[in-house]
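Report on the structure given below.
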Amino acid sequence: CLPAKGMLARLGGDEFAIICNGTQERIAQYAMSIAQATELAFLVNGNDINIGVSIGIAPILENVSDRDELMRRADVALYAAKHQGKGVARYYDEELDRAQLRRKDIESGLRKGLAQELFKLHYQPIVDLSTGQTHAYEALLRLETPELGHVSPVEFIPVAEDCGIISDIGDWVIQTACKDAVRWPNNICVAVNVSSLQLRSHRILTVVTQALAESNLPASRLELELTE
């Protein structure tokens, strides 16, 4: 897939590096050729195995010739490509750097939020339109830190899933929601959103059981909802 003077090296694991000359359009063509070539199924022990690649591209510019900086930029672009799906190539740009820094700040804020109890639950009423009566409240997770201010769940939930702390946060939400709900009228339920990653965890049943036992909330008053 590469030109005659292109150089390919394996960095380790499943990561490779390529150096080659060409215009941005030509480099994009090389990247797509590699992506398409790896889409072909491999036959292993009678099974078709499909592999996909993600590609990050860092152009060598006059003001950027340091090897480590080039690799860092390619890695930033690769990270962005992975989040767009396999078979994707992404060029580095400064906006990707800003996005990665923001992500690191949010990850730090999430860990601090757990350690310093900066998470808060707000409750949105769920109303039966036929009667006008509230029959449940949905727990809405909010995070506000001194450094970041208010951070939207749309922004911090994917980061929590990526960095592996979504289950810890989800456990806290279930425990806190049960403790709050037990003080409500007996006919009011609490609805808690859970991540699919949290549901796959072996501890989810234990967490729910303990939260109900510690709060004395009847199980019939707890609803678990799978997020989109």
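Ordered as shown in the structure tokens, chains take letters A, B, and onward, while each chain numbers its residues from 1 and ligands are numbered from 1 in the order shown.
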
**Q.** Exercise: Ala28 of chain A partners within 10 Å, only C-alpha atoms, chain neighbours under 5 positions left out, as a PyMOL selection string
**A.** chain A and resi 22-23+33-34+55+57+89-91

Q: Run DSSP on the backbone and grab whatever in segment 2-204 of chain A lands in strand (DSSP E); send it over as JSON, numbers by chain.
A: {"A": [7, 8, 9, 10, 11, 12, 15, 16, 17, 18, 19, 42, 43, 44, 47, 48, 49, 54, 55, 56, 57, 88, 89, 90, 91, 119, 120, 121, 122, 123, 124, 125, 126, 127, 128, 133, 134, 135, 136, 137, 138, 139, 140, 141, 142, 143, 144, 145, 149, 150, 151, 189, 190, 191, 192, 193, 194]}

So that I have them on file, write out the residues from the current selection with C-alpha atoms, as a compact mmCIF listing (two decimals), in the first residue's frame.
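The resulting file, part_9.txt, is reproduced below:
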```txt
# COMPACT_ATOMS: atom_id res chain seq x y z
CA MET A 7 9.14 3.04 5.71
CA LEU A 8 7.04 0.83 8.00
CA ALA A 9 8.00 -0.13 11.57
CA ARG A 10 6.25 -1.95 14.37
CA LEU A 11 6.33 0.07 17.59
CA GLY A 12 5.03 -2.78 19.73
CA GLU A 15 0.82 -0.22 16.90
CA PHE A 16 2.84 0.60 13.79
CA ALA A 17 4.49 3.73 12.44
CA ILE A 18 4.90 4.78 8.82
CA ILE A 19 7.07 7.48 7.27
CA PHE A 42 -8.34 -13.82 7.89
CA LEU A 43 -9.16 -17.51 8.15
CA VAL A 44 -8.06 -18.85 11.56
CA ASN A 47 -13.19 -18.96 11.48
CA ASP A 48 -13.24 -15.66 9.62
CA ILE A 49 -11.46 -13.01 11.71
CA SER A 54 -7.39 3.40 13.02
CA ILE A 55 -4.79 5.79 11.63
CA GLY A 56 -3.39 9.03 13.02
CA ILE A 57 -1.40 11.30 10.69
CA VAL A 88 -10.77 5.90 9.96
CA ALA A 89 -7.76 8.14 9.34
CA ARG A 90 -7.44 11.48 11.12
CA TYR A 91 -4.99 14.33 10.59
CA PHE A 119 -21.03 14.98 42.66
CA LYS A 120 -24.62 15.99 43.26
CA LEU A 121 -27.95 14.37 42.42
CA HIS A 122 -30.86 16.41 41.17
CA TYR A 123 -34.29 14.83 40.84
CA GLN A 124 -36.63 15.30 37.90
CA PRO A 125 -40.28 14.34 38.46
CA ILE A 126 -41.85 11.68 36.27
CA VAL A 127 -45.55 12.48 35.95
CA ASP A 128 -48.48 10.33 34.85
CA GLN A 133 -49.62 12.69 39.69
CA THR A 134 -45.90 12.28 40.20
CA HIS A 135 -45.08 8.59 40.56
CA ALA A 136 -41.26 8.72 40.45
CA TYR A 137 -38.21 10.95 40.34
CA GLU A 138 -35.31 10.40 37.97
CA ALA A 139 -31.85 10.88 39.48
CA LEU A 140 -29.75 13.26 37.39
CA LEU A 141 -26.02 13.31 38.07
CA ARG A 142 -24.21 16.65 38.12
CA LEU A 143 -20.55 17.56 38.60
CA GLU A 144 -19.12 20.96 39.49
CA THR A 145 -15.49 21.51 40.45
CA GLY A 149 -17.13 24.77 37.00
CA HIS A 150 -20.25 22.91 35.86
CA VAL A 151 -19.50 19.97 33.55
CA CYS A 189 -40.05 5.45 43.12
CA VAL A 190 -36.57 6.57 42.15
CA ALA A 191 -35.21 5.94 38.65
CA VAL A 192 -31.45 5.61 38.22
CA ASN A 193 -29.63 5.56 34.89
CA VAL A 194 -26.90 2.93 34.61
```

Q.
I need the residue nearest Arg221 of chain A from this list: A:Pro185, A:Gly85, A:Gly164, A:Gly6. Use only C-alpha atoms for the distance.
A. A:Pro185

Q. Neighbours of segment 213-216 of chain A within 6 Å (only C-alpha atoms; same-chain residues fewer than 2 positions away dropped), as an MDAnalysis selection string?
A. chainID A and resid 179 210:211

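In terms of minimum interatomic distance to Leu118 of chain A, A:Leu148 ranks closest within A:Ile188, A:Ile60, A:Leu40, A:Leu148, counting only C-alpha atoms.
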
Q) For Val159 of chain A, which of A:Val182, A:Leu197, A:Ile106, A:Ala81 is the closest residue, counting only C-alpha atoms? A)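 Answer, going by the shortest atom-to-atom distance: A:Ile106.
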
Please provide the set of residues having any atom within 12 Å of Ala58 of chain A, restricted to only C-alpha atoms, with same-chain residues fewer than 4 positions apart removed, written as a compact mmCIF listing (two decimals) with all heavy atoms, in the first residue's frame.
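Done, and the output landed in around.txt:
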```
# COMPACT_ATOMS: atom_id res chain seq x y z
N ALA A 17 4.20 2.38 12.90
CA ALA A 17 4.49 3.73 12.44
C ALA A 17 4.94 3.68 10.99
O ALA A 17 5.61 2.74 10.56
CB ALA A 17 5.57 4.37 13.30
N ILE A 18 4.56 4.70 10.24
CA ILE A 18 4.90 4.78 8.82
C ILE A 18 5.48 6.17 8.54
O ILE A 18 4.95 7.17 9.05
CB ILE A 18 3.66 4.55 7.93
CG1 ILE A 18 3.16 3.12 8.09
CG2 ILE A 18 3.96 4.88 6.48
CD1 ILE A 18 1.81 2.89 7.45
N ILE A 19 6.53 6.21 7.76
CA ILE A 19 7.07 7.48 7.27
C ILE A 19 7.05 7.42 5.75
O ILE A 19 7.56 6.48 5.14
CB ILE A 19 8.52 7.71 7.74
CG1 ILE A 19 8.58 7.78 9.27
CG2 ILE A 19 9.07 9.01 7.15
CD1 ILE A 19 9.98 7.93 9.80
N CYS A 20 6.43 8.43 5.13
CA CYS A 20 6.43 8.49 3.67
C CYS A 20 6.18 9.92 3.21
O CYS A 20 5.65 10.74 3.95
CB CYS A 20 5.41 7.54 3.07
SG CYS A 20 3.71 7.84 3.53
N ASN A 21 6.60 10.20 1.99
CA ASN A 21 6.43 11.53 1.40
C ASN A 21 5.15 11.58 0.59
O ASN A 21 4.65 10.56 0.10
CB ASN A 21 7.62 11.88 0.50
CG ASN A 21 8.91 12.05 1.30
OD1 ASN A 21 8.89 12.56 2.41
ND2 ASN A 21 10.02 11.60 0.72
N GLN A 24 -1.00 15.95 1.06
CA GLN A 24 -2.02 15.51 2.02
C GLN A 24 -3.02 14.57 1.36
O GLN A 24 -3.43 13.57 1.95
CB GLN A 24 -2.75 16.73 2.60
CG GLN A 24 -3.80 16.37 3.65
CD GLN A 24 -4.30 17.58 4.40
OE1 GLN A 24 -3.57 18.53 4.62
NE2 GLN A 24 -5.57 17.56 4.79
N ILE A 27 -1.27 11.14 0.92
CA ILE A 27 -1.13 10.45 2.20
C ILE A 27 -2.48 9.87 2.62
O ILE A 27 -2.56 8.74 3.13
CB ILE A 27 -0.60 11.40 3.29
CG1 ILE A 27 0.81 11.89 2.94
CG2 ILE A 27 -0.61 10.72 4.65
CD1 ILE A 27 1.83 10.80 2.84
N ALA A 28 -3.54 10.61 2.38
CA ALA A 28 -4.88 10.11 2.72
C ALA A 28 -5.21 8.87 1.90
O ALA A 28 -5.85 7.93 2.40
CB ALA A 28 -5.93 11.21 2.49
N VAL A 64 8.22 21.90 13.22
CA VAL A 64 8.07 20.72 14.06
C VAL A 64 8.92 19.60 13.46
O VAL A 64 8.52 18.91 12.53
CB VAL A 64 6.60 20.26 14.15
CG1 VAL A 64 6.51 19.04 15.08
CG2 VAL A 64 5.71 21.38 14.64
N SER A 65 10.12 19.45 13.97
CA SER A 65 11.00 18.39 13.47
C SER A 65 11.42 17.45 14.58
O SER A 65 12.09 16.45 14.31
CB SER A 65 12.24 19.01 12.81
OG SER A 65 12.92 19.84 13.74
N ASP A 66 11.04 17.74 15.82
CA ASP A 66 11.40 16.88 16.94
C ASP A 66 10.65 15.56 16.84
O ASP A 66 9.42 15.54 16.67
CB ASP A 66 11.07 17.58 18.26
CG ASP A 66 11.41 16.71 19.46
OD1 ASP A 66 12.59 16.61 19.79
OD2 ASP A 66 10.47 16.13 20.04
N ARG A 67 11.38 14.47 16.94
CA ARG A 67 10.79 13.13 16.78
C ARG A 67 9.68 12.86 17.80
O ARG A 67 8.61 12.38 17.45
CB ARG A 67 11.89 12.08 16.90
CG ARG A 67 11.40 10.64 16.79
CD ARG A 67 12.50 9.67 17.17
NE ARG A 67 12.92 9.88 18.56
CZ ARG A 67 13.97 9.27 19.11
NH1 ARG A 67 14.70 8.44 18.40
NH2 ARG A 67 14.28 9.51 20.37
N ASP A 68 9.97 13.17 19.06
CA ASP A 68 8.98 12.88 20.11
C ASP A 68 7.70 13.69 19.91
O ASP A 68 6.60 13.20 20.15
CB ASP A 68 9.58 13.18 21.49
CG ASP A 68 10.69 12.20 21.85
OD1 ASP A 68 10.70 11.08 21.29
OD2 ASP A 68 11.55 12.56 22.68
N GLU A 69 7.85 14.94 19.47
CA GLU A 69 6.66 15.77 19.24
C GLU A 69 5.85 15.24 18.07
O GLU A 69 4.62 15.23 18.10
CB GLU A 69 7.07 17.22 19.00
CG GLU A 69 5.94 18.17 18.62
CD GLU A 69 4.86 18.29 19.69
OE1 GLU A 69 5.08 17.86 20.84
OE2 GLU A 69 3.78 18.83 19.38
N LEU A 70 6.54 14.76 17.03
CA LEU A 70 5.84 14.17 15.89
C LEU A 70 5.05 12.93 16.33
O LEU A 70 3.89 12.75 15.94
CB LEU A 70 6.82 13.81 14.78
CG LEU A 70 7.36 14.97 13.94
CD1 LEU A 70 8.48 14.48 13.05
CD2 LEU A 70 6.23 15.58 13.12
N MET A 71 5.68 12.09 17.12
CA MET A 71 5.00 10.88 17.60
C MET A 71 3.81 11.25 18.49
O MET A 71 2.77 10.60 18.43
CB MET A 71 5.99 10.00 18.36
CG MET A 71 7.06 9.37 17.47
SD MET A 71 6.36 8.27 16.22
CE MET A 71 5.66 6.98 17.26
N ARG A 72 4.01 12.28 19.31
CA ARG A 72 2.90 12.70 20.18
C ARG A 72 1.71 13.18 19.35
O ARG A 72 0.56 12.83 19.63
CB ARG A 72 3.37 13.82 21.12
CG ARG A 72 2.34 14.19 22.19
CD ARG A 72 2.68 15.52 22.85
NE ARG A 72 2.52 16.63 21.93
CZ ARG A 72 1.34 17.18 21.63
NH1 ARG A 72 0.22 16.71 22.18
NH2 ARG A 72 1.26 18.18 20.78
N ARG A 73 1.99 13.95 18.33
CA ARG A 73 0.91 14.46 17.48
C ARG A 73 0.21 13.33 16.73
O ARG A 73 -1.02 13.33 16.60
CB ARG A 73 1.46 15.49 16.49
CG ARG A 73 1.92 16.78 17.17
CD ARG A 73 2.29 17.85 16.17
NE ARG A 73 2.59 19.11 16.84
CZ ARG A 73 2.59 20.30 16.24
NH1 ARG A 73 2.33 20.39 14.93
NH2 ARG A 73 2.86 21.40 16.91
N ALA A 74 1.01 12.39 16.25
CA ALA A 74 0.40 11.23 15.56
C ALA A 74 -0.47 10.44 16.53
O ALA A 74 -1.55 9.95 16.17
CB ALA A 74 1.49 10.34 14.98
N ASP A 75 -0.03 10.33 17.78
CA ASP A 75 -0.79 9.59 18.79
C ASP A 75 -2.09 10.31 19.13
O ASP A 75 -3.13 9.68 19.32
CB ASP A 75 0.07 9.42 20.04
CG ASP A 75 -0.49 8.35 20.97
OD1 ASP A 75 -0.74 7.22 20.48
OD2 ASP A 75 -0.69 8.63 22.16
N VAL A 76 -2.04 11.64 19.20
CA VAL A 76 -3.26 12.42 19.45
C VAL A 76 -4.26 12.21 18.32
O VAL A 76 -5.46 12.02 18.55
CB VAL A 76 -2.91 13.92 19.60
CG1 VAL A 76 -4.18 14.78 19.58
CG2 VAL A 76 -2.14 14.17 20.90
N ALA A 77 -3.75 12.24 17.08
CA ALA A 77 -4.63 12.02 15.92
C ALA A 77 -5.17 10.60 15.91
O ALA A 77 -6.33 10.36 15.56
CB ALA A 77 -3.87 12.30 14.63
N LEU A 78 -4.34 9.63 16.31
CA LEU A 78 -4.77 8.24 16.37
C LEU A 78 -5.90 8.07 17.39
O LEU A 78 -6.88 7.36 17.13
CB LEU A 78 -3.59 7.34 16.73
CG LEU A 78 -3.89 5.86 16.94
CD1 LEU A 78 -4.47 5.24 15.68
CD2 LEU A 78 -2.65 5.11 17.39
N ALA A 89 -9.03 7.43 9.25
CA ALA A 89 -7.76 8.14 9.34
C ALA A 89 -8.04 9.58 9.74
O ALA A 89 -8.99 10.19 9.25
CB ALA A 89 -7.01 8.09 8.01
N ARG A 90 -7.21 10.12 10.64
CA ARG A 90 -7.44 11.48 11.12
C ARG A 90 -6.13 12.25 11.14
O ARG A 90 -5.11 11.75 11.62
CB ARG A 90 -8.03 11.42 12.54
CG ARG A 90 -8.38 12.78 13.13
CD ARG A 90 -9.61 13.37 12.47
NE ARG A 90 -9.85 14.72 12.95
CZ ARG A 90 -10.66 15.01 13.97
NH1 ARG A 90 -11.31 14.04 14.60
NH2 ARG A 90 -10.86 16.25 14.35
N TYR A 91 -6.15 13.45 10.57
CA TYR A 91 -4.99 14.33 10.59
C TYR A 91 -4.93 15.07 11.92
O TYR A 91 -5.95 15.44 12.50
CB TYR A 91 -5.07 15.34 9.46
CG TYR A 91 -4.28 14.96 8.23
CD1 TYR A 91 -4.86 14.20 7.22
CD2 TYR A 91 -2.95 15.36 8.07
CE1 TYR A 91 -4.14 13.83 6.09
CE2 TYR A 91 -2.23 15.01 6.94
CZ TYR A 91 -2.83 14.25 5.95
OH TYR A 91 -2.11 13.89 4.85
N TYR A 92 -3.72 15.31 12.39
CA TYR A 92 -3.54 16.10 13.60
C TYR A 92 -3.87 17.56 13.33
O TYR A 92 -3.55 18.10 12.27
CB TYR A 92 -2.08 16.00 14.08
CG TYR A 92 -1.76 17.03 15.16
CD1 TYR A 92 -2.04 16.76 16.49
CD2 TYR A 92 -1.21 18.26 14.82
CE1 TYR A 92 -1.77 17.70 17.47
CE2 TYR A 92 -0.94 19.22 15.79
CZ TYR A 92 -1.22 18.93 17.11
OH TYR A 92 -0.98 19.87 18.08
N ASP A 93 -4.52 18.21 14.28
CA ASP A 93 -4.65 19.65 14.28
C ASP A 93 -4.67 20.13 15.73
O ASP A 93 -4.85 19.34 16.65
CB ASP A 93 -5.88 20.14 13.50
CG ASP A 93 -7.18 19.64 14.08
OD1 ASP A 93 -7.42 19.84 15.29
OD2 ASP A 93 -7.98 19.05 13.34
N GLU A 94 -4.47 21.40 15.94
CA GLU A 94 -4.36 21.94 17.30
C GLU A 94 -5.64 21.77 18.09
O GLU A 94 -5.61 21.69 19.33
CB GLU A 94 -3.95 23.41 17.24
CG GLU A 94 -2.52 23.61 16.73
CD GLU A 94 -2.10 25.06 16.75
OE1 GLU A 94 -2.96 25.92 17.07
OE2 GLU A 94 -0.93 25.35 16.45
N LEU A 96 -7.43 19.17 18.23
CA LEU A 96 -7.35 17.86 18.88
C LEU A 96 -6.56 17.94 20.17
O LEU A 96 -6.89 17.28 21.16
CB LEU A 96 -6.71 16.84 17.94
CG LEU A 96 -7.49 16.47 16.68
CD1 LEU A 96 -6.71 15.43 15.87
CD2 LEU A 96 -8.87 15.94 17.02
```

Q: Please report, as a ChimeraX atom specification, each residue of segment 8-220 of chain A to which DSSP assigns alpha helix (DSSP H) when run on this structure's backbone.
A: /A:24-38,67-84,94-116,153-162,166-181,196-200,204-215

Q: Could you check which of A:Ile204, A:Ala219, A:Ile157, A:Ile169 is closest to Ala181 of chain A, using only C-alpha atoms?
A: A:Ala219

Q. Rounded to one decimal in Å, what is the spacing between atom CA of Gly132 of chain A and atom CA of Thr176 of chain A?
A.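 Separating atom CA of Gly132 of chain A from atom CA of Thr176 of chain A is a distance of 27.0 Å.
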